[in-house]
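Okay, protein.cif is below, mmCIF, C-alpha atoms:
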data_target
#
loop_
_atom_site.label_atom_id
_atom_site.label_comp_id
_atom_site.auth_asym_id
_atom_site.auth_seq_id
_atom_site.Cartn_x
_atom_site.Cartn_y
_atom_site.Cartn_z
CA MET A 1103 58.22 20.92 31.29
CA SER A 1104 55.90 18.43 29.65
CA ASP A 1105 55.22 18.69 25.93
CA ASN A 1106 51.54 18.38 26.90
CA VAL A 1107 51.47 21.69 28.76
CA GLN A 1108 50.14 24.38 26.47
CA GLY A 1109 49.59 28.07 26.88
CA PRO A 1110 46.53 30.25 26.34
CA GLY A 1111 45.01 30.05 22.90
CA THR A 1112 46.60 26.70 22.03
CA ASP A 1113 44.68 23.56 21.14
CA ARG A 1114 44.18 21.53 24.31
CA THR A 1115 42.57 18.71 22.32
CA ASP A 1116 45.62 17.83 20.18
CA ARG A 1117 46.51 14.31 21.27
CA ALA A 1118 49.60 13.81 19.07
CA SER A 1119 51.88 13.52 22.11
CA LEU A 1120 49.66 10.75 23.48
CA ARG A 1121 50.43 8.39 20.60
CA ALA A 1122 53.11 5.78 21.19
CA ASP A 1123 56.45 6.60 19.57
CA CYS A 1124 58.37 3.35 19.92
CA ALA A 1125 61.43 4.80 18.17
CA ASN A 1126 61.87 7.19 21.11
CA CYS A 1127 61.24 4.68 23.90
CA PHE A 1128 63.63 2.31 25.65
CA GLY A 1129 61.37 -0.68 25.02
CA LEU A 1130 59.67 -0.16 28.36
CA CYS A 1131 56.54 -2.19 27.62
CA CYS A 1132 58.83 -5.07 26.58
CA VAL A 1133 60.61 -5.03 29.94
CA ALA A 1134 58.50 -3.44 32.69
CA LEU A 1135 55.36 -5.53 32.19
CA THR A 1136 54.56 -9.13 33.08
CA LEU A 1137 53.67 -11.54 30.27
CA THR A 1138 51.65 -14.68 30.93
CA ARG A 1139 51.67 -17.54 28.45
CA SER A 1140 48.23 -17.53 26.83
CA ALA A 1141 46.48 -16.89 23.55
CA ASP A 1142 47.93 -13.37 23.76
CA PHE A 1143 51.55 -14.19 24.60
CA ALA A 1144 53.69 -17.19 23.67
CA ILE A 1145 55.88 -16.94 26.79
CA ASN A 1146 55.89 -16.25 30.50
CA LYS A 1147 57.97 -13.21 31.45
CA ASP A 1148 58.41 -11.51 34.81
CA ALA A 1149 58.15 -7.74 35.18
CA GLY A 1150 61.60 -6.17 34.88
CA LYS A 1151 62.94 -8.91 32.62
CA PRO A 1152 63.43 -8.05 28.92
CA CYS A 1153 61.31 -9.96 26.44
CA ARG A 1154 63.40 -12.41 24.42
CA ASN A 1155 62.41 -10.53 21.26
CA LEU A 1156 63.75 -7.15 22.42
CA GLN A 1157 66.88 -6.15 20.50
CA GLU A 1158 69.83 -4.06 21.65
CA ASP A 1159 68.37 -0.99 19.91
CA PHE A 1160 65.14 -1.41 21.91
CA ARG A 1161 63.22 -2.54 18.82
CA CYS A 1162 61.16 -5.70 18.59
CA GLY A 1163 62.87 -8.37 16.53
CA ILE A 1164 59.58 -9.88 15.34
CA HIS A 1165 57.46 -6.72 15.11
CA ALA A 1166 56.09 -7.57 11.66
CA GLU A 1167 55.26 -11.14 12.71
CA LEU A 1168 53.94 -10.63 16.24
CA ARG A 1169 50.55 -12.16 15.54
CA THR A 1170 51.88 -15.17 13.66
CA GLN A 1171 54.60 -15.75 16.28
CA GLY A 1172 52.09 -15.94 19.14
CA PHE A 1173 52.21 -12.38 20.48
CA PRO A 1174 48.90 -10.77 19.41
CA GLY A 1175 48.67 -9.13 22.85
CA CYS A 1176 51.63 -6.94 21.93
CA THR A 1177 49.77 -5.57 18.89
CA VAL A 1178 46.86 -4.55 21.12
CA TYR A 1179 48.82 -2.78 23.85
CA ASP A 1180 48.99 1.03 23.75
CA CYS A 1181 51.04 3.09 26.20
CA PHE A 1182 49.41 6.41 25.13
CA GLY A 1183 52.88 7.93 24.71
CA ALA A 1184 54.00 7.11 28.25
CA GLY A 1185 57.06 5.26 26.94
CA GLN A 1186 58.72 8.23 25.31
CA LYS A 1187 57.67 10.49 28.19
CA VAL A 1188 59.37 8.32 30.80
CA SER A 1189 62.39 7.63 28.61
CA HIS A 1190 63.24 11.17 27.56
CA GLU A 1191 61.63 13.44 30.12
CA THR A 1192 61.30 11.71 33.47
CA PHE A 1193 64.72 10.04 33.09
CA ASP A 1194 66.33 12.61 30.76
CA GLY A 1195 67.29 10.09 28.09
CA GLN A 1196 69.16 7.73 30.41
CA ASP A 1197 68.36 4.21 29.28
CA TRP A 1198 68.21 1.26 31.66
CA ARG A 1199 70.96 -0.61 29.85
CA ARG A 1200 73.65 2.07 30.01
CA ALA A 1201 72.42 3.33 33.39
CA PRO A 1202 71.22 0.10 35.10
CA GLN A 1203 70.75 1.92 38.41
CA THR A 1204 67.69 3.61 36.87
CA ALA A 1205 66.00 0.35 35.88
CA PRO A 1206 63.97 -0.53 39.00
CA GLN A 1207 62.54 2.96 39.36
CA MET A 1208 61.96 3.40 35.62
CA PHE A 1209 60.00 0.16 35.46
CA GLN A 1210 57.84 1.27 38.40
CA VAL A 1211 57.15 4.71 36.96
CA PHE A 1212 56.18 3.50 33.48
CA PRO A 1213 52.83 1.77 34.31
CA VAL A 1214 51.78 4.73 36.47
CA MET A 1215 52.63 7.18 33.70
CA ARG A 1216 50.69 5.02 31.29
CA GLN A 1217 47.56 5.39 33.44
CA LEU A 1218 47.97 9.17 33.58
CA HIS A 1219 48.44 9.42 29.81
CA GLU A 1220 45.30 7.36 29.25
CA LEU A 1221 43.41 9.85 31.43
CA LEU A 1222 44.84 12.71 29.37
CA TRP A 1223 43.53 11.02 26.22
CA TYR A 1224 40.00 10.92 27.62
CA LEU A 1225 40.12 14.43 29.07
CA MET A 1226 41.31 15.98 25.83
CA GLU A 1227 38.47 14.26 24.01
CA ALA A 1228 35.99 15.51 26.64
CA LEU A 1229 37.24 19.03 26.10
CA SER A 1230 36.39 18.77 22.39
CA LEU A 1231 32.76 17.77 22.97
CA GLU A 1232 30.45 20.74 22.46
CA PRO A 1233 27.41 19.32 24.32
CA ALA A 1234 29.58 19.20 27.46
CA ARG A 1235 30.62 22.87 27.23
CA SER A 1236 29.20 23.56 30.69
CA LEU A 1237 31.87 21.22 32.08
CA HIS A 1238 34.80 22.51 30.03
CA GLY A 1239 36.17 24.68 32.84
CA GLU A 1240 36.26 21.73 35.21
CA ILE A 1241 37.70 19.51 32.51
CA ARG A 1242 40.51 22.00 31.84
CA ARG A 1243 41.40 22.17 35.52
CA THR A 1244 41.47 18.38 35.78
CA LEU A 1245 43.54 18.20 32.61
CA ASP A 1246 46.02 20.69 34.07
CA GLU A 1247 46.30 18.66 37.26
CA THR A 1248 46.84 15.42 35.34
CA GLU A 1249 49.56 17.04 33.25
CA ARG A 1250 51.20 18.31 36.43
CA LEU A 1251 51.30 14.77 37.78
CA THR A 1252 53.04 13.52 34.62
CA ASP A 1253 55.79 16.07 35.22
CA LEU A 1254 56.60 14.91 38.74
CA PRO A 1255 60.15 13.66 39.40
CA ALA A 1256 60.57 9.90 39.33
CA ASP A 1257 60.79 9.49 43.10
CA ALA A 1258 57.43 11.23 43.57
CA PHE A 1259 55.59 8.46 41.71
CA THR A 1260 56.08 6.06 44.61
CA ASP A 1261 53.56 7.88 46.79
CA LEU A 1262 51.22 9.00 44.01
CA ASP A 1263 47.62 7.86 44.61
CA VAL A 1264 46.78 7.39 40.96
CA ALA A 1265 43.69 5.30 41.80
CA ALA A 1266 42.08 8.22 43.63
CA HIS A 1267 42.85 10.53 40.74
CA ARG A 1268 41.36 8.03 38.28
CA ASP A 1269 38.17 7.93 40.33
CA ASP A 1270 37.87 11.74 40.18
CA VAL A 1271 38.45 11.76 36.43
CA ALA A 1272 36.01 8.89 35.89
CA ALA A 1273 33.23 10.79 37.65
CA LEU A 1274 33.86 13.83 35.45
CA LEU A 1275 33.94 11.75 32.27
CA LEU A 1276 30.64 10.12 33.23
CA ARG A 1277 28.99 13.52 33.60
CA THR A 1278 30.46 14.49 30.23
CA SER A 1279 29.11 11.30 28.67
CA GLU A 1280 25.61 11.89 30.00
CA LEU A 1281 25.45 15.36 28.48
CA VAL A 1282 26.68 14.15 25.08
CA ARG A 1283 24.56 11.00 24.90
CA ALA A 1284 21.45 13.03 25.75
CA THR A 1285 21.72 14.56 22.26
CA ALA A 1286 21.36 11.19 20.54
CA PRO A 1287 18.00 10.39 18.91
CA ARG A 1288 15.70 8.60 21.36
CA SER A 1289 18.60 8.55 23.84
CA LYS A 1290 16.25 8.34 26.83
CA LYS A 1291 14.95 5.03 25.50
CA LYS A 1292 18.39 3.47 25.35
CA ARG A 1293 19.00 0.70 27.83
CA ASP A 1294 21.92 1.06 30.20
CA ARG A 1295 24.34 -1.70 29.17
CA ARG A 1296 27.14 -0.56 31.46
CA GLY A 1297 29.30 -3.55 32.38
CA ALA A 1298 26.89 -5.88 30.57
CA ASP A 1299 27.88 -9.40 29.55
CA LEU A 1300 27.52 -9.20 25.78
CA ILE A 1301 30.07 -11.88 24.99
CA GLY A 1302 29.23 -13.33 21.59
CA ALA A 1303 26.06 -11.21 21.41
CA ARG A 1304 24.27 -10.90 18.08
CA LEU A 1305 24.14 -7.15 17.58
CA ARG A 1306 24.42 -7.03 13.81
CA GLY A 1307 22.92 -3.78 12.54
CA ALA A 1308 21.91 -2.74 16.06
CA ASP A 1309 20.99 0.86 16.76
CA LEU A 1310 23.35 1.66 19.62
CA GLN A 1311 23.36 5.43 19.22
CA GLY A 1312 23.80 7.03 22.62
CA ALA A 1313 24.07 3.67 24.38
CA ASP A 1314 25.98 3.35 27.64
CA LEU A 1315 28.45 0.53 27.00
CA ARG A 1316 30.99 1.56 29.63
CA GLY A 1317 32.95 -1.52 30.68
CA ALA A 1318 30.70 -3.85 28.66
CA TYR A 1319 32.05 -7.27 27.67
CA LEU A 1320 31.73 -7.31 23.89
CA ILE A 1321 34.17 -10.16 23.34
CA ALA A 1322 33.48 -11.87 19.98
CA ALA A 1323 30.22 -9.91 19.64
CA ASP A 1324 28.75 -9.56 16.16
CA LEU A 1325 28.58 -5.78 15.66
CA LYS A 1326 28.56 -5.82 11.87
CA GLY A 1327 26.87 -2.66 10.60
CA ALA A 1328 26.00 -1.47 14.12
CA ASP A 1329 25.40 2.25 14.64
CA MET A 1330 27.61 3.17 17.59
CA ARG A 1331 27.66 6.93 17.18
CA LEU A 1332 27.61 8.74 20.53
CA ALA A 1333 27.86 5.41 22.36
CA ASP A 1334 30.09 5.56 25.42
CA VAL A 1335 32.57 2.68 25.08
CA ILE A 1336 35.11 3.61 27.74
CA GLY A 1337 36.63 0.42 29.12
CA ALA A 1338 34.52 -1.82 26.86
CA ASP A 1339 36.21 -5.10 25.91
CA PHE A 1340 36.19 -5.46 22.12
CA ARG A 1341 38.45 -8.51 21.87
CA ASP A 1342 37.61 -10.35 18.66
CA ALA A 1343 34.40 -8.32 18.22
CA ASP A 1344 33.40 -7.98 14.56
CA LEU A 1345 33.12 -4.29 13.67
CA THR A 1346 32.81 -4.82 9.93
CA GLY A 1347 30.73 -1.97 8.53
CA ALA A 1348 30.03 -0.53 11.99
CA ASP A 1349 29.85 3.25 12.43
CA LEU A 1350 32.06 4.38 15.30
CA THR A 1351 32.38 8.01 14.24
CA GLY A 1352 31.56 9.97 17.35
CA SER A 1353 31.82 6.99 19.71
CA LEU A 1354 32.85 8.35 23.10
CA PHE A 1355 36.24 7.53 24.64
CA LEU A 1356 37.18 4.90 22.08
CA THR A 1357 40.90 4.02 22.04
CA GLN A 1358 43.31 2.55 19.52
CA ALA A 1359 43.87 -0.43 21.80
CA GLN A 1360 40.17 -1.31 21.63
CA LEU A 1361 40.23 -1.21 17.84
CA ASN A 1362 43.43 -3.25 17.72
CA ALA A 1363 41.73 -5.96 19.76
CA ALA A 1364 38.72 -6.13 17.42
CA ARG A 1365 38.12 -7.20 13.84
CA GLY A 1366 36.97 -4.93 11.04
CA ASP A 1367 37.64 -3.84 7.49
CA ALA A 1368 37.68 -0.87 5.15
CA THR A 1369 33.93 -0.36 5.62
CA THR A 1370 34.27 0.26 9.36
CA LYS A 1371 33.84 3.98 10.04
CA LEU A 1372 36.31 5.38 12.57
CA PRO A 1373 36.90 8.68 14.35
CA PRO A 1374 39.64 10.76 12.65
CA SER A 1375 41.83 10.51 15.75
CA LEU A 1376 42.24 6.73 15.36
CA SER A 1377 43.82 4.48 12.73
CA ARG A 1378 42.61 1.36 10.98
CA PRO A 1379 44.58 -1.59 12.43
CA ARG A 1380 46.97 -3.28 10.01
CA HIS A 1381 45.57 -6.73 10.67
CA TRP A 1382 42.03 -5.78 9.58
CA HIS A 1383 40.89 -7.06 6.21
CA ARG A 1384 41.23 -4.35 3.60
#

Structure rendered as structure tokens:
Amino acid sequence: MSDNVQGPGTDRTDRASLRADCANCFGLCCVALTLTRSADFAINKDAGKPCRNLQEDFRCGIHAELRTQGFPGCTVYDCFGAGQKVSHETFDGQDWRRAPQTAPQMFQVFPVMRQLHELLWYLMEALSLEPARSLHGEIRRTLDETERLTDLPADAFTDLDVAAHRDDVAALLLRTSELVRATAPRSKKKRDRRGADLIGARLRGADLQGADLRGAYLIAADLKGADMRLADVIGADFRDADLTGADLTGSLFLTQAQLNAARGDATTKLPPSLSRPRHWHR
């Protein structure tokens, strides 16, 4: 049974199990995924081939120097706890080195599990949002179904239509977002910036309370001191965006990966569920 499954009266919004625990993973993101030589990765690597930096103990040999060694993309990636789930639950602790027959299937299951765990992250947050209480019953049922999918045996992942499930969850999260953002001051006057091209945009000090920034391209945007409370940022691209002094407390569906891709400092206000990236200026 999944560690995520909880009984009556327990906290369904505790996302501790959805945080990556690299010490209890068989280095799956370092093997299962494709790397393309770019500003994010110093090498080309095919899916299923171990990264040259992966050690025998499944630890990264240059973890402390990833950014300086040309692998900043690795510091941004977040598996939402899928790595330890696949390693120790789906495959019962059999690692792909000692049990090489598991490797092809394990590497196929991992990216699917990662998608499901990301959905769990969003659904648990949705369940904590009081303005969306009218949807909590539906959110719980969808959360239960998503957890059930994570507990499927490995061979069942081959036929799993995760895209269809994502679409269902996305529609529910959008309805949740609309209810929450409606409580923001002057929310009805906010422009819909969903999917907007805001690359390099000058948004310093902008009032973005309650804004719809779903899937927006905020690459290298100047968001210094911006008020992003109650802004929906699901899927927004924050690569190299400057969040110095920005207020993201209460931002909807923000992830650690988005913060890791951005720039900020000690004055950036974050939700309690997320951590200040190590590479930010202190």

Show me a table, sorted first by chain and then by increasing residue number, of the residues of range 1287-1356 of chain A having an atom at most 7 Å from range 1363-1378 of chain A, each with its shortest atom pair and the distance in Å to one decimal, counting only C-alpha atoms and written as a tab-separated table.
residue	atom	partner	partner_atom	distance
A:Phe1340	CA	A:Ala1364	CA	5.4
A:Arg1341	CA	A:Ala1363	CA	4.7
A:Asp1342	CA	A:Ala1364	CA	4.5
A:Ala1343	CA	A:Ala1364	CA	4.9
A:Asp1344	CA	A:Arg1365	CA	4.8
A:Leu1345	CA	A:Gly1366	CA	4.7
A:Thr1346	CA	A:Gly1366	CA	4.3
A:Gly1347	CA	A:Thr1370	CA	4.3
A:Ala1348	CA	A:Thr1370	CA	5.1
A:Asp1349	CA	A:Lys1371	CA	4.7
A:Leu1350	CA	A:Leu1372	CA	5.1
A:Thr1351	CA	A:Pro1373	CA	4.6
A:Gly1352	CA	A:Pro1373	CA	6.3

Could you list the residues chosen by the PyMOL selection byres ((chain A and resi 1175) around 12) in this structure as a PDB file with C-alpha atoms, in the frame of the given file?
ATOM      1  CA  CYS A1131      56.540  -2.190  27.620  1.00  0.00           C
ATOM      2  CA  CYS A1132      58.830  -5.070  26.580  1.00  0.00           C
ATOM      3  CA  THR A1136      54.560  -9.130  33.080  1.00  0.00           C
ATOM      4  CA  LEU A1137      53.670 -11.540  30.270  1.00  0.00           C
ATOM      5  CA  THR A1138      51.650 -14.680  30.930  1.00  0.00           C
ATOM      6  CA  ARG A1139      51.670 -17.540  28.450  1.00  0.00           C
ATOM      7  CA  SER A1140      48.230 -17.530  26.830  1.00  0.00           C
ATOM      8  CA  ALA A1141      46.480 -16.890  23.550  1.00  0.00           C
ATOM      9  CA  ASP A1142      47.930 -13.370  23.760  1.00  0.00           C
ATOM     10  CA  PHE A1143      51.550 -14.190  24.600  1.00  0.00           C
ATOM     11  CA  ALA A1144      53.690 -17.190  23.670  1.00  0.00           C
ATOM     12  CA  ILE A1145      55.880 -16.940  26.790  1.00  0.00           C
ATOM     13  CA  HIS A1165      57.460  -6.720  15.110  1.00  0.00           C
ATOM     14  CA  LEU A1168      53.940 -10.630  16.240  1.00  0.00           C
ATOM     15  CA  ARG A1169      50.550 -12.160  15.540  1.00  0.00           C
ATOM     16  CA  THR A1170      51.880 -15.170  13.660  1.00  0.00           C
ATOM     17  CA  GLN A1171      54.600 -15.750  16.280  1.00  0.00           C
ATOM     18  CA  GLY A1172      52.090 -15.940  19.140  1.00  0.00           C
ATOM     19  CA  PHE A1173      52.210 -12.380  20.480  1.00  0.00           C
ATOM     20  CA  PRO A1174      48.900 -10.770  19.410  1.00  0.00           C
ATOM     21  CA  CYS A1176      51.630  -6.940  21.930  1.00  0.00           C
ATOM     22  CA  THR A1177      49.770  -5.570  18.890  1.00  0.00           C
ATOM     23  CA  VAL A1178      46.860  -4.550  21.120  1.00  0.00           C
ATOM     24  CA  TYR A1179      48.820  -2.780  23.850  1.00  0.00           C
ATOM     25  CA  ASP A1180      48.990   1.030  23.750  1.00  0.00           C
ATOM     26  CA  ARG A1341      38.450  -8.510  21.870  1.00  0.00           C
ATOM     27  CA  ASP A1342      37.610 -10.350  18.660  1.00  0.00           C
ATOM     28  CA  ALA A1359      43.870  -0.430  21.800  1.00  0.00           C
ATOM     29  CA  GLN A1360      40.170  -1.310  21.630  1.00  0.00           C
ATOM     30  CA  ASN A1362      43.430  -3.250  17.720  1.00  0.00           C
ATOM     31  CA  ALA A1363      41.730  -5.960  19.760  1.00  0.00           C
ATOM     32  CA  ALA A1364      38.720  -6.130  17.420  1.00  0.00           C
TER      33      ALA A1364
END

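The gap separating CA of Pro1255 in chain A from CA of Cys1181 in chain A is 19.2 Å, in Å to one decimal.
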
*Atomic separation - CA of Ala1323 in chain A relative to CA of Ala1303 in chain A, Å*: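 CA of Ala1303 in chain A sits 4.7 Å away from CA of Ala1323 in chain A.
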
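Using only C-alpha atoms, the nearest neighbour of Lys1187 in chain A within the list A:Thr1115, A:Asn1126, A:Ser1279, A:Ser1230 is A:Asn1126.
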
_Option closest in space to Glu1232 in chain A, from A:Gln1217, A:Thr1204, A:Ser1189, A:Thr1285 [counting only C-alpha atoms]_ =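 Under the stated criterion, the closest residue is A:Thr1285.
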
_Which residues are near Arg1161 in chain A? Cut-off 12 Å, only C-alpha atoms, ignore same chain within fewer than 2 positions. Put them as a PyMOL selection string._
chain A and resi 1123-1133+1152-1159+1163-1166

*Exercise: Phe1355 in chain A partners within 12 Å, all atoms listed in the file, chain neighbours under 6 positions left out, as a PyMOL selection string*: chain A and resi 1220-1231+1272+1275-1276+1278-1279+1282+1314-1317+1330-1338+1361+1373+1375-1376

Any chance you could tabulate, as a Markdown table, the residues of range 1221-1312 of chain A at most 12 Å from range 1191-1199 of chain A with each one's nearest atom pair and distance in Å to one decimal, using all atoms listed in the file, in chain and rising number order?
| residue | atom | partner | partner_atom | distance |
| --- | --- | --- | --- | --- |
| A:Leu1251 | CA | A:Thr1192 | CA | 11.3 |
| A:Thr1252 | CA | A:Thr1192 | CA | 8.5 |
| A:Asp1253 | CA | A:Thr1192 | CA | 7.2 |
| A:Leu1254 | CA | A:Thr1192 | CA | 7.8 |
| A:Pro1255 | CA | A:Thr1192 | CA | 6.3 |
| A:Ala1256 | CA | A:Thr1192 | CA | 6.2 |
| A:Asp1257 | CA | A:Thr1192 | CA | 9.9 |
| A:Ala1258 | CA | A:Thr1192 | CA | 10.8 |
| A:Phe1259 | CA | A:Thr1192 | CA | 10.5 |

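With CA of Glu1280 in chain A on one side and CA of His1219 in chain A on the other, the separation reads 23.0 Å.
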